$ cat upload.txt   # compact mmCIF, C-alpha atoms
# COMPACT_ATOMS: atom_id res chain seq x y z
CA MET A 1 -51.67 -42.43 33.24
CA ASN A 2 -51.80 -42.76 29.46
CA GLY A 3 -53.25 -39.47 28.34
CA PRO A 4 -55.62 -37.36 30.39
CA LEU A 5 -58.58 -39.17 31.92
CA ARG A 6 -61.91 -37.41 32.14
CA ILE A 7 -64.59 -37.98 34.74
CA GLU A 8 -68.15 -39.12 34.05
CA VAL A 9 -70.41 -38.52 37.01
CA ALA A 10 -73.97 -39.00 38.28
CA GLY A 11 -75.61 -38.30 41.63
CA GLN A 12 -78.97 -38.76 43.28
CA THR A 13 -80.65 -38.36 46.64
CA ASP A 14 -83.83 -39.85 48.08
CA VAL A 15 -85.76 -39.32 51.31
CA GLY A 16 -85.95 -43.09 52.00
CA ARG A 17 -88.90 -44.94 53.51
CA LYS A 18 -88.86 -43.82 57.16
CA ARG A 19 -88.03 -40.09 57.17
CA THR A 20 -90.43 -37.26 56.38
CA HIS A 21 -87.82 -34.93 54.88
CA ASN A 22 -84.38 -35.21 53.33
CA GLU A 23 -81.44 -33.85 55.35
CA ASP A 24 -78.83 -35.03 52.81
CA ASN A 25 -77.30 -32.82 50.15
CA PHE A 26 -74.81 -33.45 47.37
CA ALA A 27 -72.95 -31.35 44.83
CA ILE A 28 -71.31 -32.10 41.49
CA LEU A 29 -69.06 -29.09 40.91
CA ALA A 30 -67.31 -30.35 37.79
CA GLU A 31 -65.91 -26.90 36.97
CA TYR A 32 -63.78 -27.14 40.14
CA GLY A 33 -63.27 -30.92 40.04
CA LEU A 34 -65.15 -31.10 43.35
CA TYR A 35 -67.75 -33.72 44.31
CA VAL A 36 -69.49 -33.72 47.69
CA VAL A 37 -72.00 -35.68 49.78
CA ALA A 38 -73.26 -34.28 53.11
CA ASP A 39 -75.61 -35.95 55.61
CA GLY A 40 -77.15 -33.46 58.02
CA MET A 41 -78.34 -34.04 61.56
CA GLY A 42 -80.26 -32.07 64.17
CA GLY A 43 -83.99 -31.61 64.80
CA HIS A 44 -86.40 -29.01 63.32
CA SER A 45 -84.99 -29.63 59.81
CA SER A 46 -81.68 -28.17 61.02
CA GLY A 47 -79.77 -31.08 59.51
CA GLU A 48 -81.01 -30.02 56.10
CA ILE A 49 -79.74 -26.49 56.76
CA ALA A 50 -76.32 -27.76 57.95
CA SER A 51 -75.74 -30.05 54.94
CA LYS A 52 -76.86 -27.30 52.53
CA MET A 53 -74.55 -24.79 54.23
CA ALA A 54 -71.64 -27.22 53.86
CA VAL A 55 -72.22 -27.72 50.14
CA ASP A 56 -72.84 -24.00 49.48
CA THR A 57 -69.85 -22.82 51.53
CA LEU A 58 -67.49 -25.21 49.77
CA GLU A 59 -68.74 -24.07 46.37
CA GLU A 60 -68.38 -20.42 47.36
CA PHE A 61 -64.84 -20.95 48.71
CA PHE A 62 -63.72 -22.87 45.62
CA ALA A 63 -65.22 -20.22 43.33
CA ALA A 64 -63.43 -17.43 45.22
CA THR A 65 -60.04 -19.20 45.33
CA CYS A 66 -60.34 -20.23 41.69
CA GLU A 67 -60.68 -16.59 40.60
CA ASP A 68 -58.03 -15.35 43.02
CA PRO A 69 -55.46 -17.96 44.13
CA GLU A 70 -53.68 -15.26 46.19
CA ARG A 71 -56.81 -14.59 48.22
CA THR A 72 -56.23 -14.60 51.98
CA TRP A 73 -57.60 -17.77 53.57
CA PRO A 74 -59.39 -17.90 56.93
CA TYR A 75 -56.91 -20.59 58.11
CA LYS A 76 -53.14 -20.97 57.92
CA MET A 77 -51.76 -23.47 55.44
CA ASP A 78 -50.40 -26.75 56.77
CA ARG A 79 -46.83 -26.61 55.45
CA SER A 80 -46.61 -30.42 55.30
CA LYS A 81 -49.32 -30.44 52.60
CA GLY A 82 -49.52 -28.92 49.14
CA TYR A 83 -51.69 -26.01 47.97
CA GLU A 84 -54.62 -28.05 46.60
CA GLU A 85 -54.92 -30.31 49.66
CA ASN A 86 -54.80 -27.25 51.91
CA ARG A 87 -57.47 -25.62 49.76
CA LEU A 88 -59.80 -28.58 50.27
CA ILE A 89 -59.16 -28.81 54.03
CA THR A 90 -59.58 -25.04 54.47
CA GLY A 91 -62.88 -25.06 52.59
CA ILE A 92 -64.22 -27.82 54.86
CA LYS A 93 -62.97 -26.06 58.02
CA LEU A 94 -64.78 -22.94 56.85
CA CYS A 95 -68.00 -24.98 56.40
CA ASN A 96 -67.57 -26.23 59.97
CA LEU A 97 -67.14 -22.74 61.41
CA ARG A 98 -70.12 -21.31 59.55
CA ILE A 99 -72.43 -24.13 60.67
CA TYR A 100 -71.17 -23.89 64.26
CA GLU A 101 -71.64 -20.09 64.39
CA GLN A 102 -75.12 -20.30 62.86
CA ALA A 103 -76.12 -22.93 65.46
CA GLN A 104 -74.81 -20.72 68.29
CA ARG A 105 -76.85 -17.77 67.01
CA ASN A 106 -80.14 -19.63 66.60
CA PRO A 107 -81.37 -21.66 69.63
CA LYS A 108 -83.61 -23.79 67.36
CA GLN A 109 -80.54 -24.88 65.38
CA ARG A 110 -78.34 -25.61 68.42
CA GLY A 111 -76.63 -28.96 67.94
CA MET A 112 -77.08 -29.13 64.17
CA GLY A 113 -74.26 -30.60 62.13
CA THR A 114 -73.41 -32.59 59.06
CA THR A 115 -71.06 -35.28 57.84
CA LEU A 116 -69.13 -34.63 54.65
CA ALA A 117 -67.36 -36.85 52.14
CA ALA A 118 -65.70 -35.30 49.10
CA PHE A 119 -63.12 -35.76 46.45
CA PHE A 120 -61.21 -33.08 44.59
CA ALA A 121 -59.67 -33.92 41.22
CA VAL A 122 -56.39 -32.11 40.56
CA GLU A 123 -53.90 -32.43 37.72
CA ASP A 124 -51.88 -35.29 39.17
CA GLY A 125 -54.58 -37.24 41.06
CA ILE A 126 -57.40 -36.84 43.57
CA TYR A 127 -57.67 -35.73 47.18
CA ILE A 128 -60.31 -37.46 49.26
CA ALA A 129 -61.58 -35.76 52.41
CA HIS A 130 -64.17 -36.73 54.99
CA VAL A 131 -65.63 -35.89 58.38
CA GLY A 132 -68.20 -38.21 59.99
CA ASP A 133 -69.58 -41.48 58.63
CA SER A 134 -70.37 -40.64 55.02
CA ARG A 135 -68.06 -42.79 52.92
CA VAL A 136 -65.90 -42.91 49.82
CA TYR A 137 -65.42 -46.28 48.09
CA ARG A 138 -63.29 -47.14 45.09
CA ILE A 139 -64.25 -49.81 42.58
CA ARG A 140 -61.22 -51.05 40.67
CA ASN A 141 -60.71 -54.35 38.81
CA ARG A 142 -64.20 -55.50 39.89
CA ARG A 143 -63.37 -55.09 43.57
CA ILE A 144 -64.66 -52.55 46.07
CA GLU A 145 -62.48 -50.86 48.69
CA LEU A 146 -63.47 -48.41 51.44
CA LEU A 147 -61.12 -45.39 51.31
CA THR A 148 -62.47 -43.60 54.40
CA GLU A 149 -62.81 -44.57 58.05
CA ASP A 150 -66.06 -43.73 59.86
CA HIS A 151 -65.79 -41.18 62.66
CA SER A 152 -68.39 -43.06 64.69
CA LEU A 153 -68.71 -44.57 68.16
CA LEU A 154 -69.21 -48.02 66.62
CA ASN A 155 -65.97 -47.74 64.66
CA ASP A 156 -64.08 -46.55 67.77
CA TYR A 157 -65.35 -49.60 69.69
CA ARG A 158 -64.57 -51.86 66.77
CA ARG A 159 -60.97 -50.62 66.72
CA MET A 160 -60.47 -50.89 70.47
CA LYS A 161 -62.29 -54.09 71.27
CA ARG A 162 -62.54 -56.12 68.08
CA LEU A 163 -66.26 -56.67 68.40
CA THR A 164 -67.79 -59.89 67.06
CA ASP A 165 -70.17 -59.69 64.07
CA GLU A 166 -73.08 -60.28 66.43
CA GLU A 167 -71.98 -57.49 68.77
CA ILE A 168 -71.62 -55.14 65.79
CA ALA A 169 -75.12 -56.06 64.55
CA ASN A 170 -76.63 -55.40 68.01
CA PHE A 171 -74.56 -52.31 68.87
CA PRO A 172 -77.03 -49.90 70.50
CA HIS A 173 -75.44 -46.60 69.38
CA LYS A 174 -74.83 -47.23 65.68
CA ASN A 175 -75.80 -43.71 64.69
CA VAL A 176 -73.56 -41.85 67.17
CA ILE A 177 -70.97 -39.82 65.27
CA VAL A 178 -67.85 -38.68 67.11
CA ARG A 179 -66.81 -36.10 64.53
CA ALA A 180 -68.96 -33.88 62.30
CA LEU A 181 -69.08 -30.36 60.89
CA GLY A 182 -70.72 -27.94 63.31
CA MET A 183 -70.12 -29.83 66.58
CA LYS A 184 -67.29 -27.51 67.72
CA ASP A 185 -65.66 -24.35 66.39
CA THR A 186 -62.76 -26.38 64.94
CA VAL A 187 -62.65 -29.73 63.18
CA LYS A 188 -60.04 -32.24 62.04
CA VAL A 189 -60.42 -33.22 58.39
CA ASP A 190 -59.05 -36.58 57.25
CA THR A 191 -57.54 -36.57 53.76
CA ARG A 192 -55.73 -38.98 51.47
CA PHE A 193 -54.28 -38.80 47.96
CA GLU A 194 -55.03 -41.37 45.26
CA LEU A 195 -54.01 -41.89 41.63
CA PRO A 196 -57.02 -42.80 39.51
CA GLN A 197 -56.73 -45.41 36.79
CA GLU A 198 -58.87 -45.85 33.71
CA ASP A 199 -62.28 -47.37 34.57
CA ASP A 200 -61.91 -46.62 38.30
CA ILE A 201 -65.23 -45.68 39.90
CA LEU A 202 -65.54 -43.66 43.11
CA LEU A 203 -68.74 -44.01 45.11
CA LEU A 204 -69.54 -41.25 47.62
CA CYS A 205 -72.49 -42.03 49.86
CA SER A 206 -74.34 -41.22 53.05
CA ASP A 207 -74.89 -44.00 55.58
CA GLY A 208 -78.46 -44.31 54.29
CA LEU A 209 -76.91 -46.33 51.46
CA CYS A 210 -73.97 -48.19 53.01
CA GLY A 211 -75.97 -49.01 56.17
CA PRO A 212 -78.78 -51.06 54.58
CA VAL A 213 -76.79 -52.25 51.51
CA SER A 214 -73.65 -54.38 51.89
CA ASP A 215 -70.40 -53.46 50.14
CA GLN A 216 -70.71 -56.57 47.96
CA ALA A 217 -74.29 -55.69 46.94
CA MET A 218 -73.21 -52.13 46.04
CA LEU A 219 -70.36 -53.54 43.94
CA ASP A 220 -72.72 -55.95 42.14
CA ILE A 221 -75.17 -53.15 41.32
CA VAL A 222 -72.48 -50.85 39.92
CA LEU A 223 -70.91 -53.63 37.83
CA LYS A 224 -74.32 -54.65 36.43
CA ASN A 225 -75.26 -51.08 35.50
CA PRO A 226 -72.51 -49.39 33.46
CA ASP A 227 -74.75 -46.35 32.89
CA LEU A 228 -73.99 -44.24 35.97
CA PRO A 229 -77.42 -42.54 36.37
CA THR A 230 -79.04 -46.00 36.22
CA ALA A 231 -76.53 -47.31 38.77
CA THR A 232 -77.31 -44.48 41.24
CA GLN A 233 -81.03 -45.19 40.82
CA ARG A 234 -80.52 -48.93 41.43
CA LEU A 235 -78.39 -48.26 44.54
CA ILE A 236 -81.15 -46.09 46.01
CA GLU A 237 -83.79 -48.71 45.15
CA ALA A 238 -81.69 -51.37 46.93
CA ALA A 239 -81.51 -49.24 50.11
CA ASN A 240 -85.27 -48.69 50.00
CA GLU A 241 -85.92 -52.40 49.40
CA ASN A 242 -83.92 -53.05 52.59
CA GLY A 243 -86.21 -50.75 54.59
CA GLY A 244 -84.90 -47.31 53.57
CA PRO A 245 -84.38 -46.35 57.24
CA ASP A 246 -82.58 -43.09 56.40
CA ASN A 247 -82.11 -40.55 53.62
CA ILE A 248 -80.07 -42.07 50.80
CA THR A 249 -77.51 -40.19 48.71
CA CYS A 250 -74.85 -41.36 46.31
CA VAL A 251 -72.50 -39.89 43.74
CA LEU A 252 -70.69 -42.14 41.24
CA ALA A 253 -67.67 -40.93 39.27
CA ARG A 254 -65.84 -42.95 36.61
CA TRP A 255 -62.50 -42.19 35.00
CA VAL A 256 -62.55 -42.69 31.23
CA VAL A 257 -60.20 -41.92 28.34
$ encode --input "upload.txt" --output "C-alpha cells"
Amino acid sequence: MNGPLRIEVAGQTDVGRKRTHNEDNFAILAEYGLYVVADGMGGHSSGEIASKMAVDTLEEFFAATCEDPERTWPYKMDRSKGYEENRLITGIKLCNLRIYEQAQRNPKQRGMGTTLAAFFAVEDGIYIAHVGDSRVYRIRNRRIELLTEDHSLLNDYRRMKRLTDEEIANFPHKNVIVRALGMKDTVKVDTRFELPQEDDILLLCSDGLCGPVSDQAMLDIVLKNPDLPTATQRLIEAANENGGPDNITCVLARWVV
C-alpha cells in the first residue's frame, strides 16, 4: 500500500416492512478498528438481546485487551494464527458462551442466538470473521465479491447437490441456520485475511439486505452513491421496496488515502 489508508464508514439498521421489532444490531468501533453486524433470532424479543450481547461483549473484550494485551484470555490461542486473529476469534467465542449461558439460565430466552459478521483492521490488513448467514462483500474495481460463506441449510444443500436456480428459489428452509452464536457452548468461527486497496469498499450486512436485494443491485447502489451514509440509506430502501421481509442492517467501509 502506498502510505497508510484510512477508513470511512457508515452504518444503518431498519426494522423492515414485516417485523414488529428489530433484532439486528451493528457496531462501528473505530477506536479498535472493529466493525460488526449481528442478526438475532429467537422469540420473545430474545434475538434482540442475543445480537446486543454479541456487540457489547465484543466491545468489552476489545477494550479490555487493548488496555492490557497480557490479560489472560478465556480461551487458548490457536498457535497456527497470529495474536490479532486470535483476539478476534476469542472475542466472538466469548460472545457465544455468554449468549448460550444466558439462554440456559432464562427459560424464556432458551434457543436465542445471533449471526455475526465482522472485520478487524490491523496494521498490515484486515481480518474478516463470521458465524451464520450475515455476509461480508468486497467492492473492488466496480465488481462485487462475497468474502464469506453462509452457514445455512440452503448453502449446505447447494454445495452437496448443486441445486438448480428454481430449486434454490423454492427451497422451503431458506432461513435455517446451521451455525450461530448461542446455539451450543462452543462455536467455530470462520476467518480470512485480506489486504485492502485504495477505494475498496466492504459491505457487512444481515440477510434482510442480501436476501431481497441481488448482489448486482447492491453493487449498482453503492457505485451510484459515493457518499456512504446515502448509500446505506439507499440499500435499506431497496430491501424495503422488495418487500422488506426482515430487519435490514448494513455497514459500509471505504479505504481512502
$ closest_atom_pairs --input "upload.txt" --of "region 45-122 of chain A" --to "region 129-137 of chain A" --cutoff "12 Å" --atoms "all atoms listed in the file" --output "JSON lines"
{"residue": "A:Ser51", "atom": "CA", "partner": "A:Ser134", "partner_atom": "CA", "distance": 11.9}
{"residue": "A:Ala54", "atom": "CA", "partner": "A:Val131", "partner_atom": "CA", "distance": 11.5}
{"residue": "A:Glu84", "atom": "CA", "partner": "A:Ala129", "partner_atom": "CA", "distance": 11.9}
{"residue": "A:Glu85", "atom": "CA", "partner": "A:Ala129", "partner_atom": "CA", "distance": 9.0}
{"residue": "A:Asn86", "atom": "CA", "partner": "A:Ala129", "partner_atom": "CA", "distance": 10.9}
{"residue": "A:Arg87", "atom": "CA", "partner": "A:Ala129", "partner_atom": "CA", "distance": 11.3}
{"residue": "A:Leu88", "atom": "CA", "partner": "A:Ala129", "partner_atom": "CA", "distance": 7.7}
{"residue": "A:Ile89", "atom": "CA", "partner": "A:Ala129", "partner_atom": "CA", "distance": 7.5}
{"residue": "A:Thr90", "atom": "CA", "partner": "A:Ala129", "partner_atom": "CA", "distance": 11.1}
{"residue": "A:Gly91", "atom": "CA", "partner": "A:Ala129", "partner_atom": "CA", "distance": 10.8}
{"residue": "A:Ile92", "atom": "CA", "partner": "A:Ala129", "partner_atom": "CA", "distance": 8.7}
{"residue": "A:Lys93", "atom": "CA", "partner": "A:Val131", "partner_atom": "CA", "distance": 10.2}
{"residue": "A:Cys95", "atom": "CA", "partner": "A:Val131", "partner_atom": "CA", "distance": 11.3}
{"residue": "A:Asn96", "atom": "CA", "partner": "A:Val131", "partner_atom": "CA", "distance": 10.0}
{"residue": "A:Gly113", "atom": "CA", "partner": "A:Gly132", "partner_atom": "CA", "distance": 10.0}
{"residue": "A:Thr114", "atom": "CA", "partner": "A:Gly132", "partner_atom": "CA", "distance": 7.7}
{"residue": "A:Thr115", "atom": "CA", "partner": "A:Gly132", "partner_atom": "CA", "distance": 4.6}
{"residue": "A:Leu116", "atom": "CA", "partner": "A:Val131", "partner_atom": "CA", "distance": 5.3}
{"residue": "A:Ala117", "atom": "CA", "partner": "A:His130", "partner_atom": "CA", "distance": 4.3}
{"residue": "A:Ala118", "atom": "CA", "partner": "A:Ala129", "partner_atom": "CA", "distance": 5.3}
{"residue": "A:Phe119", "atom": "CA", "partner": "A:Ala129", "partner_atom": "CA", "distance": 6.2}
{"residue": "A:Phe120", "atom": "CA", "partner": "A:Ala129", "partner_atom": "CA", "distance": 8.3}
{"residue": "A:Ala121", "atom": "CA", "partner": "A:Ala129", "partner_atom": "CA", "distance": 11.5}
$ axis_aligned_box --input "upload.txt" --around "region 175-186 of chain A" --padding-each-side "5 Å" --output "AutoDock Vina command-line options"
--center_x -69.3 --center_y -34.0 --center_z 64.3 --size_x 23.0 --size_y 29.4 --size_z 16.8
$ closest_atom_pairs --input "upload.txt" --of "region 133-221 of chain A" --to "region 1-22 of chain A" --cutoff "10 Å" --atoms "all atoms listed in the file" --output "JSON lines"
{"residue": "A:Leu195", "atom": "CA", "partner": "A:Met1", "partner_atom": "CA", "distance": 8.7}
{"residue": "A:Pro196", "atom": "CA", "partner": "A:Met1", "partner_atom": "CA", "distance": 8.3}
{"residue": "A:Gln197", "atom": "CA", "partner": "A:Met1", "partner_atom": "CA", "distance": 6.9}
{"residue": "A:Glu198", "atom": "CA", "partner": "A:Leu5", "partner_atom": "CA", "distance": 6.9}
{"residue": "A:Asp199", "atom": "CA", "partner": "A:Leu5", "partner_atom": "CA", "distance": 9.4}
{"residue": "A:Asp200", "atom": "CA", "partner": "A:Ile7", "partner_atom": "CA", "distance": 9.7}
{"residue": "A:Ile201", "atom": "CA", "partner": "A:Glu8", "partner_atom": "CA", "distance": 9.3}
{"residue": "A:Leu202", "atom": "CA", "partner": "A:Val9", "partner_atom": "CA", "distance": 9.3}
{"residue": "A:Leu203", "atom": "CA", "partner": "A:Gly11", "partner_atom": "CA", "distance": 9.6}
{"residue": "A:Leu204", "atom": "CA", "partner": "A:Gly11", "partner_atom": "CA", "distance": 9.0}
{"residue": "A:Cys205", "atom": "CA", "partner": "A:Thr13", "partner_atom": "CA", "distance": 9.5}
{"residue": "A:Ser206", "atom": "CA", "partner": "A:Thr13", "partner_atom": "CA", "distance": 9.4}
{"residue": "A:Gly208", "atom": "CA", "partner": "A:Gly16", "partner_atom": "CA", "distance": 7.9}
{"residue": "A:Leu209", "atom": "CA", "partner": "A:Gly16", "partner_atom": "CA", "distance": 9.6}
$ atom_distance --input "upload.txt" --atom1 "CA of Thr230 (chain A)" --atom2 "CA of Ala253 (chain A)"
12.8 Å
$ residues_around --input "upload.txt" --residues "Asn240 (chain A)" --least-positions-apart "3" --cutoff "9 Å" --atoms "all atoms listed in the file" --output "PDB file with C-alpha atoms, in the coordinates of the input"
ATOM      1  CA  GLY A  16     -85.950 -43.090  52.000  1.00  0.00           C
ATOM      2  CA  ARG A  17     -88.900 -44.940  53.510  1.00  0.00           C
ATOM      3  CA  LEU A 209     -76.910 -46.330  51.460  1.00  0.00           C
ATOM      4  CA  PRO A 212     -78.780 -51.060  54.580  1.00  0.00           C
ATOM      5  CA  LEU A 235     -78.390 -48.260  44.540  1.00  0.00           C
ATOM      6  CA  ILE A 236     -81.150 -46.090  46.010  1.00  0.00           C
ATOM      7  CA  GLU A 237     -83.790 -48.710  45.150  1.00  0.00           C
ATOM      8  CA  GLY A 243     -86.210 -50.750  54.590  1.00  0.00           C
ATOM      9  CA  GLY A 244     -84.900 -47.310  53.570  1.00  0.00           C
ATOM     10  CA  PRO A 245     -84.380 -46.350  57.240  1.00  0.00           C
ATOM     11  CA  ASP A 246     -82.580 -43.090  56.400  1.00  0.00           C
ATOM     12  CA  ILE A 248     -80.070 -42.070  50.800  1.00  0.00           C
TER      13      ILE A 248
END
$ residues_near_point --input "upload.txt" --point "(-68.3, -25.7, 65.4)" --cutoff "8 Å" --atoms "all atoms listed in the file" --output "list in words"
Asn96, Leu97, Arg98, Ile99, Tyr100, Glu101, Leu181, Gly182, Met183, Lys184, Asp185, Thr186 and Val187 of chain A
$ closest_residue --input "upload.txt" --among "A:Ile128, A:Ala238, A:Val251, A:Leu228" --to "Leu147 (chain A)" --atoms "all atoms listed in the file"
A:Ile128
$ closest_residue --input "upload.txt" --among "A:Arg138, A:Lys52, A:Lys76, A:Lys174" --to "Leu153 (chain A)" --atoms "all atoms listed in the file"
A:Lys174
$ atom_distance --input "upload.txt" --atom1 "CA of Pro74 (chain A)" --atom2 "CA of Phe62 (chain A)"
13.1 Å
$ residues_near_point --input "upload.txt" --point "(-52.5, -33.0, 45.8)" --cutoff "7 Å" --atoms "only C-alpha atoms" --output "JSON, numbers by chain"
{"A": [82, 84, 85, 122, 125, 126, 127, 193]}
$ atom_distance --input "upload.txt" --atom1 "CA of Ile177 (chain A)" --atom2 "CA of Gly111 (chain A)"
12.5 Å
$ closest_residue --input "upload.txt" --among "A:Met41, A:Gln233, A:Lys161, A:Pro69" --to "Tyr83 (chain A)" --atoms "only C-alpha atoms"
A:Pro69
$ closest_residue --input "upload.txt" --among "A:Thr72, A:Ser152, A:Asn225, A:Ser45" --to "Lys108 (chain A)" --atoms "only C-alpha atoms"
A:Ser45
$ build_atoms --input "upload.txt" --residues "region 196-219 of chain A" --atoms "N, CA and C atoms" --output "tab-separated table (two decimals), in the frame of the given file"
chain	number	residue	atom	x	y	z
A	196	PRO	N	-55.99	-42.03	40.20
A	196	PRO	CA	-57.02	-42.80	39.51
A	196	PRO	C	-56.47	-43.52	38.29
A	197	GLN	N	-57.06	-44.67	37.99
A	197	GLN	CA	-56.73	-45.41	36.79
A	197	GLN	C	-57.97	-45.46	35.90
A	198	GLU	N	-57.74	-45.74	34.63
A	198	GLU	CA	-58.87	-45.85	33.71
A	198	GLU	C	-59.87	-46.88	34.23
A	199	ASP	N	-61.15	-46.52	34.13
A	199	ASP	CA	-62.28	-47.37	34.57
A	199	ASP	C	-62.46	-47.42	36.09
A	200	ASP	N	-61.63	-46.75	36.86
A	200	ASP	CA	-61.91	-46.62	38.30
A	200	ASP	C	-63.27	-45.94	38.49
A	201	ILE	N	-63.99	-46.37	39.51
A	201	ILE	CA	-65.23	-45.68	39.90
A	201	ILE	C	-65.12	-45.32	41.37
A	202	LEU	N	-65.42	-44.07	41.70
A	202	LEU	CA	-65.54	-43.66	43.11
A	202	LEU	C	-67.02	-43.57	43.44
A	203	LEU	N	-67.37	-44.09	44.60
A	203	LEU	CA	-68.74	-44.01	45.11
A	203	LEU	C	-68.70	-43.21	46.41
A	204	LEU	N	-69.36	-42.05	46.41
A	204	LEU	CA	-69.54	-41.25	47.62
A	204	LEU	C	-70.95	-41.51	48.11
A	205	CYS	N	-71.13	-41.76	49.40
A	205	CYS	CA	-72.49	-42.03	49.86
A	205	CYS	C	-72.69	-41.66	51.32
A	206	SER	N	-73.95	-41.38	51.65
A	206	SER	CA	-74.34	-41.22	53.05
A	206	SER	C	-74.61	-42.60	53.63
A	207	ASP	N	-74.71	-42.68	54.96
A	207	ASP	CA	-74.89	-44.00	55.58
A	207	ASP	C	-76.28	-44.58	55.32
A	208	GLY	N	-77.16	-43.79	54.72
A	208	GLY	CA	-78.46	-44.31	54.29
A	208	GLY	C	-78.33	-45.32	53.17
A	209	LEU	N	-77.17	-45.31	52.48
A	209	LEU	CA	-76.91	-46.33	51.46
A	209	LEU	C	-76.06	-47.47	52.03
A	210	CYS	N	-74.90	-47.13	52.60
A	210	CYS	CA	-73.97	-48.19	53.01
A	210	CYS	C	-74.41	-48.87	54.31
A	211	GLY	N	-75.42	-48.32	55.01
A	211	GLY	CA	-75.97	-49.01	56.17
A	211	GLY	C	-76.82	-50.21	55.75
A	212	PRO	N	-77.90	-49.96	54.96
A	212	PRO	CA	-78.78	-51.06	54.58
A	212	PRO	C	-78.23	-51.97	53.47
A	213	VAL	N	-77.27	-51.47	52.66
A	213	VAL	CA	-76.79	-52.25	51.51
A	213	VAL	C	-75.32	-52.63	51.75
A	214	SER	N	-75.02	-53.92	51.63
A	214	SER	CA	-73.65	-54.38	51.89
A	214	SER	C	-72.70	-53.88	50.79
A	215	ASP	N	-71.41	-53.86	51.12
A	215	ASP	CA	-70.40	-53.46	50.14
A	215	ASP	C	-70.50	-54.34	48.88
A	216	GLN	N	-70.65	-55.63	49.09
A	216	GLN	CA	-70.71	-56.57	47.96
A	216	GLN	C	-71.93	-56.28	47.08
A	217	ALA	N	-73.07	-56.00	47.71
A	217	ALA	CA	-74.29	-55.69	46.94
A	217	ALA	C	-74.11	-54.40	46.15
A	218	MET	N	-73.46	-53.39	46.76
A	218	MET	CA	-73.21	-52.13	46.04
A	218	MET	C	-72.32	-52.39	44.83
A	219	LEU	N	-71.28	-53.20	45.03
A	219	LEU	CA	-70.36	-53.54	43.94
A	219	LEU	C	-71.13	-54.22	42.80
